[in-house]
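Asker: Below you'll find the structure I mean.
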Amino acid sequence: MTVRRLVAGVDCSTQATKVMVCDADTGEVLREGRASHPDATEVDPEAWWQAWSAASEGLLDGVEAISVGGQQHGMVLMDSAGVVVYPALLWNDTRSAGVTTGLVEEFGGSAAWAAATGVVPVPSFTVTKLRWMRDHAADAAARAEAVALPHDWLTHRLAADRSGISGLTTDRGDASGTGWWSAVSESYRSDLVELAFGRALQLPRVAGPAEIVGTTAGGAGLAAGTGDNMAAALGLDLQPGDVAVSLGTSGTAFARSSAPTKDAAGLVAGFADATGGYLPLVCTLNAARVLSSTAALLGMDLTAFDEAALGSAGSDGLVLVPFLDGERTPDLPHSTGLIYGLTRATSVPSTMARAAVEGMLCGLADAVDALRAQGIPVERVLLLGGAARSRAVQALAPSLLGAPVVLPEPAEYVALGAARQAAWALSGAEAPPTWDVPVSKPEPSILSDTEAATIRSHYTSVLTNSQALLSTPR
């Protein structure tokens, strides 16, 4: 009888911690748990530990290796004893918007940042949060000796063979979202930490993609872990020509690349991935909640909203710019949503529902086009996330995104990717194990290429002509 080897993948996301125990050879999910996080943009990391403890309870018997996939960009500052000196500022905390422009200019502008690190800082990036701490929380900043990311902190807390801030580790994928690790040179830019914070901080050691970096109290090996997008790419087993478009709280479009990207415009973040390659990525702040918010405005549940959008003859020139929570791409952190083309004919629920779906997808279509502009081939789109279950989204996406669409089976791909990394580290092999990723076809497309081009043209025109309004602080 063959004895299964078990691994666990952890997704420490914005909203919850999810734990999945998998067969190391096949990826079959055998056990899983979940526990929620506080709904906030700053969080005491102890909440992540409590969620981990609750989500993993009773799941870890026989698990030989664990890997943590964590929300990117969150900033955890610790003193020399490892005590957190200020609540972690998460990726969606945009209070650093006021200092970001100055920080970018101090280093020579967007092109200089892109050339040095592969990214141009926006308020979600960790380096801008360091500058905010320096300027607005001086007492806590003075006590800080080390800076880590959420997955770094949780991995460190899980390691029974570490103490204080000694032995902190990260991986190149998550590190590439800080603004001070360069996917171009594969090294830290400590000068950028000092530029942002005014002095040096201890930075986690960048571990190898398949390295075991520690051991838990229960004896399981700890893999290096990675950022959530990098873990999702690993869980999806993205191939050349694949672009993942995720429609969750935020929207993302990302693909694997064999070479680093350097987008001076700052639209494409030139991240590293979790395998030794690269993961050019575009992120928007607004995705699934555009649909839920519009549904609430129309007094509909999501099912009725979806049917209304799918049954509409079209948006009839009604354009919804979906910047409900500000926006990261384009970089308009103070913007709000905008409705253009409202007439008696278009002020009906079905037309508004259709415009909301189109607006959300047009923002992601711009993201996919930004990847194309960096030389990334787009032969197939893998559509995932909560909003990917919408029939209207499925029916509109292929024409608006400009590529065939498939739907990966709904799953926790960040946790699965982390588990796959754990299995890789456990095996000592040169490459991750091959795990099957089932996909299905979406709803039939209801847009011609000409109709899609018209919708996108209207959206672009409204966005371009409203820049001054959208840039005005609320």
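Chain identifiers are assigned as A, B, and so on, following the order in which chains appear in the structure tokens; residues are numbered from 1 within each chain, and ligands are numbered from 1 in order of appearance.
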I'd like the neighbourhood of A:Val381 as an NGL selection string, where a residue qualifies if any of its atoms comes within 10 Å (using only C-alpha atoms), though same-chain residues fewer than 4 positions away should be ignored.
Answerer: :A and (241-246 or 253-255 or 368 or 397-398 or 401-407)
Asker: Considering only C-alpha atoms, tabulate each residue of stretch 115-149 of chain A that lies at most 10 Å from stretch 161-176 of chain A along with its nearest interatomic pair and the corresponding distance in Å to one decimal; arrange the rows by chain and ascending residue number and present them as a tab-separated table.
Answerer:
```
residue	atom	partner	partner_atom	distance
A:Thr117	CA	A:Ser176	CA	7.9
A:Gly118	CA	A:Ser176	CA	8.3
A:Val119	CA	A:Ser176	CA	8.2
A:Phe125	CA	A:Ser176	CA	9.9
A:Thr126	CA	A:Ala175	CA	9.7
A:Glu145	CA	A:Ile165	CA	8.5
A:Ala146	CA	A:Ile165	CA	7.1
A:Val147	CA	A:Ile165	CA	9.4
A:Ala148	CA	A:Thr170	CA	8.0
A:Leu149	CA	A:Asp174	CA	7.7
```
Asker: Hey, what's within 10 Å of A:Ala140 if we count only C-alpha atoms and toss same-chain stuff fewer than 5 positions away? As a PyMOL selection string, please?
Answerer: chain A and resi 77-79+84-87+133-134
Asker: When DSSP works through the backbone of this structure, what residues of stretch 295-462 of chain A end up as alpha helix (DSSP H), shown as a PyMOL selection string?
Answerer: chain A and resi 295-297+302-311+349-373+391-401+413-427+449-462
Asker: Can you list every residue of stretch 101-200 of chain A that has an atom at most 9 Å from stretch 313-334 of chain A, with its nearest atom pair and the distance in Å to one decimal, using only C-alpha atoms, ordered by chain then number, as CSV?
Answerer:
```
residue,atom,partner,partner_atom,distance
A:Val122,CA,A:Asp331,CA,7.0
A:Pro123,CA,A:Pro333,CA,7.7
A:Ser124,CA,A:Arg328,CA,7.7
```
Asker: Could you write out the selected residues, including N, CA, C and O atoms, as an mmCIF file, in the first residue's frame?
Answerer:
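Listing of out-v4.cif after writing:
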```
data_model
loop_
_atom_site.group_PDB
_atom_site.id
_atom_site.type_symbol
_atom_site.label_atom_id
_atom_site.label_comp_id
_atom_site.auth_asym_id
_atom_site.auth_seq_id
_atom_site.Cartn_x
_atom_site.Cartn_y
_atom_site.Cartn_z
ATOM 1 N N VAL A 122 3.621 52.741 -6.470
ATOM 2 C CA VAL A 122 2.290 53.319 -6.302
ATOM 3 C C VAL A 122 1.940 53.133 -4.829
ATOM 4 O O VAL A 122 2.650 52.429 -4.095
ATOM 5 N N PRO A 123 0.861 53.763 -4.336
ATOM 6 C CA PRO A 123 0.606 53.732 -2.895
ATOM 7 C C PRO A 123 0.467 52.346 -2.277
ATOM 8 O O PRO A 123 0.661 52.202 -1.071
ATOM 9 N N SER A 124 0.150 51.340 -3.070
ATOM 10 C CA SER A 124 0.038 50.000 -2.495
ATOM 11 C C SER A 124 1.397 49.395 -2.168
ATOM 12 O O SER A 124 1.490 48.502 -1.317
#
```
Asker: From the set A:Val439, A:Ile376, A:Val206, A:Ala24, which residue has the shortest atom-to-atom contact distance to A:Ala259, counting only C-alpha atoms?
Answerer: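 Among the listed residues, the smallest separation from A:Ala259 belongs to A:Ile376.
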Asker: For a test of reading the model, state the distance in Å between atom CA of A:Leu6 and atom CA of A:Asp152, rounded to one decimal.
Answerer: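 The value is 22.4 Å.
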Asker: To one decimal in Å, tell me the separation between atom CA of A:Gly221 and atom CA of A:Gly208.
Answerer: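 So the answer is 14.3 Å.
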Asker: Have a look at A:Gly98, A:Pro444, A:Gly33, A:Pro38 and name the one nearest to A:Ser56; count only C-alpha atoms.
Answerer: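 Looking only at the distances to A:Ser56, the closest residue turns out to be A:Gly33.
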Asker: Between A:Val120, A:Ala468, A:Ala367, A:Ala353, which is the closest to A:Gly270 once you count only C-alpha atoms?
Answerer: A:Val120
Asker: Near stretch 211-215 of chain A, counting only C-alpha atoms, which residues have an atom at most 10 Å away, once you skip same-chain residues fewer than 4 positions from it, shown as a PDB file with C-alpha atoms, in the first residue's frame?
Answerer:
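For reference, result.pdb as written:
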```
ATOM      1  CA  GLU A  64       5.553  17.044   6.098  1.00  0.00           C
ATOM      2  CA  ALA A  65       5.941  20.510   4.587  1.00  0.00           C
ATOM      3  CA  ILE A  66       4.086  23.836   4.702  1.00  0.00           C
ATOM      4  CA  SER A  67       4.264  26.930   2.525  1.00  0.00           C
ATOM      5  CA  THR A 155       6.526  31.917   8.076  1.00  0.00           C
ATOM      6  CA  HIS A 156       8.815  33.379  10.751  1.00  0.00           C
ATOM      7  CA  LEU A 158       5.676  29.235  12.312  1.00  0.00           C
ATOM      8  CA  ALA A 159       9.405  28.470  12.542  1.00  0.00           C
ATOM      9  CA  ALA A 160      10.179  26.914  15.902  1.00  0.00           C
ATOM     10  CA  ASP A 161      13.918  27.231  15.260  1.00  0.00           C
ATOM     11  CA  ARG A 162      13.974  31.070  15.124  1.00  0.00           C
ATOM     12  CA  GLY A 167      16.591  34.202  10.491  1.00  0.00           C
ATOM     13  CA  LEU A 168      13.846  36.196   8.757  1.00  0.00           C
ATOM     14  CA  THR A 169      13.322  34.921   5.206  1.00  0.00           C
ATOM     15  CA  THR A 170      11.312  35.836   2.150  1.00  0.00           C
ATOM     16  CA  ASP A 171      11.306  34.763  -1.495  1.00  0.00           C
ATOM     17  CA  ARG A 205      17.099  36.760   3.472  1.00  0.00           C
ATOM     18  CA  ALA A 207      15.489  32.085  -0.043  1.00  0.00           C
ATOM     19  CA  GLY A 219       8.315  18.924  12.770  1.00  0.00           C
ATOM     20  CA  ALA A 220       7.061  19.977   9.329  1.00  0.00           C
ATOM     21  CA  GLY A 221       9.494  21.663   6.967  1.00  0.00           C
ATOM     22  CA  LEU A 222       8.765  25.263   6.006  1.00  0.00           C
ATOM     23  CA  ALA A 223       9.135  26.191   2.356  1.00  0.00           C
ATOM     24  CA  ALA A 224      10.109  29.740   1.419  1.00  0.00           C
ATOM     25  CA  GLY A 225       6.525  30.792   0.663  1.00  0.00           C
ATOM     26  CA  GLN A 421       5.683  24.866  -3.608  1.00  0.00           C
ATOM     27  CA  ALA A 422       5.762  22.877  -0.359  1.00  0.00           C
ATOM     28  CA  TRP A 424       8.482  20.886  -4.535  1.00  0.00           C
ATOM     29  CA  ALA A 425      10.610  21.762  -1.514  1.00  0.00           C
ATOM     30  CA  LEU A 426       9.818  18.410   0.083  1.00  0.00           C
ATOM     31  CA  GLY A 428      14.127  18.152  -3.686  1.00  0.00           C
TER      32      GLY A 428
END
```
